[in-house]
Amino acid sequence: MKRGVEVSAEVSYVKRTKFDFPEEASGNSFHQFFTDDDSDDPEEYARRKPLLGLEDAEQRAQRKRREGLTLVETGKLLDGLKCWEESIKYLSRDAALHDMMSQVYLELNMCWEAVQAAEQACSLSLREDPGMLLTLGRAQLNFGEIGMSMGTFRAGLELAILTRESALIDNFRDDLALADNIFHRLQTTSSSNLDLRRSRIVTLPT
């Protein structure tokens, strides 16, 4: 099966123009937990001290995620990706972040990384998200998994129709048509090569 650059050269996928970035979670923060009245108690501080590092790490990860989004939106893809790769260490269950990283990997022609991130996003999502399936299908298509991408596009199209997301419906139809066209072109090329090889076979006289 063709992979990587050979297939990617034929793929001109429709880019998503806006990241599906979740709103910041509301509710009590770690900071609120550490500012109780008994926080001056040495024993209480010692008990909670290990969580202080966790608080700092999560706050830094959230900040890096926001910085990465700003950088990506201004075209600084590599810098933004570095921020996200740092933040994902502590936000490993953030499906939307995995999805956005996959899109950037696609822009950078890092096809295998794009597939991995997109698969992770879909597996972590609390609900079936047609937008994440679109990213996964495009990652599979660029990696050369034509058949798999077609299956993903079909599943995403059905979901987008159910959720009445008209913009995504158009994208799925366009991408599915593109994948189908590439699939048939590769089949035609393979058949032609096989016929050519057969024509070169020489039957030796007995």
# chains A, B, ... in the order shown; residues from 1 in each chain; ligands from 1
>>> closest_atom_pairs(of="stretch 110-167 of chain A", to="stretch 172-193 of chain A", cutoff="6 Å", atoms="only C-alpha atoms", output="Markdown table")
| residue | atom | partner | partner_atom | distance |
| --- | --- | --- | --- | --- |
| A:Met150 | CA | A:Leu176 | CA | 5.9 |
| A:Phe153 | CA | A:Phe172 | CA | 5.8 |
| A:Leu157 | CA | A:Phe172 | CA | 5.6 |
>>> closest_residue(among="A:Glu107, A:Pro130, A:Gly75, A:Lys64", to="A:Leu162", atoms="only C-alpha atoms")
A:Pro130
>>> closest_residue(among="A:Gly131, A:Cys83, A:Gly147, A:Gly137", to="A:Leu159", atoms="only C-alpha atoms")
A:Gly131
>>> residues_around(residues="stretch 98-103 of chain A", least_positions_apart="6", cutoff="9 Å", atoms="only C-alpha atoms", output="list of chain:residue names")
A:Lys15, A:Arg16, A:Phe19, A:Asp20, A:Phe21, A:Leu69, A:Leu81, A:Trp84, A:Glu85, A:Ile88, A:Ser92, A:Met110, A:Cys111, A:Glu113, A:Ala114, A:Val115, A:Gln116, A:Ala117, A:Ala118, A:Glu119, A:Gln120, A:Ala121, A:Cys122, A:Gly131, A:Met132, A:Thr135, A:Leu136, A:Arg138, A:Ala139
>>> write_last_selection(atoms="C-alpha atoms", output="mmCIF file, in the first residue's frame")
data_model
loop_
_atom_site.group_PDB
_atom_site.id
_atom_site.type_symbol
_atom_site.label_atom_id
_atom_site.label_comp_id
_atom_site.auth_asym_id
_atom_site.auth_seq_id
_atom_site.Cartn_x
_atom_site.Cartn_y
_atom_site.Cartn_z
ATOM 1 C CA LYS A 15 -8.624 22.431 6.302
ATOM 2 C CA ARG A 16 -10.755 23.202 9.316
ATOM 3 C CA PHE A 19 -10.135 24.777 16.373
ATOM 4 C CA ASP A 20 -12.738 23.134 18.553
ATOM 5 C CA PHE A 21 -11.136 24.283 21.792
ATOM 6 C CA LEU A 69 -3.323 27.893 20.419
ATOM 7 C CA LEU A 81 3.114 22.301 18.720
ATOM 8 C CA TRP A 84 1.069 21.458 23.225
ATOM 9 C CA GLU A 85 3.531 18.569 23.407
ATOM 10 C CA ILE A 88 -0.191 17.057 26.895
ATOM 11 C CA SER A 92 -3.250 13.480 28.477
ATOM 12 C CA MET A 110 3.826 14.344 10.008
ATOM 13 C CA CYS A 111 1.294 11.729 8.932
ATOM 14 C CA GLU A 113 1.887 11.351 14.394
ATOM 15 C CA ALA A 114 -1.362 12.808 13.042
ATOM 16 C CA VAL A 115 -3.003 9.364 12.967
ATOM 17 C CA GLN A 116 -1.891 8.575 16.505
ATOM 18 C CA ALA A 117 -3.150 11.879 17.909
ATOM 19 C CA ALA A 118 -6.469 11.633 16.058
ATOM 20 C CA GLU A 119 -7.069 8.065 17.267
ATOM 21 C CA GLN A 120 -6.329 9.189 20.814
ATOM 22 C CA ALA A 121 -8.772 12.084 20.484
ATOM 23 C CA CYS A 122 -11.591 9.824 19.291
ATOM 24 C CA GLY A 131 -15.259 16.865 13.761
ATOM 25 C CA MET A 132 -12.779 14.480 15.395
ATOM 26 C CA THR A 135 -9.552 14.794 11.506
ATOM 27 C CA LEU A 136 -8.994 11.039 11.884
ATOM 28 C CA ARG A 138 -7.863 12.954 6.905
ATOM 29 C CA ALA A 139 -4.933 11.650 8.942
#
>>> atom_distance(atom1="atom CA of A:Gly80", atom2="atom CA of A:Leu106")
13.8 Å
>>> closest_residue(among="A:Ser123, A:Val104, A:Glu158, A:Arg164", to="A:Lys82", atoms="only C-alpha atoms")
A:Val104
>>> atom_distance(atom1="atom CA of A:Thr74", atom2="atom CA of A:Leu97")
17.4 Å
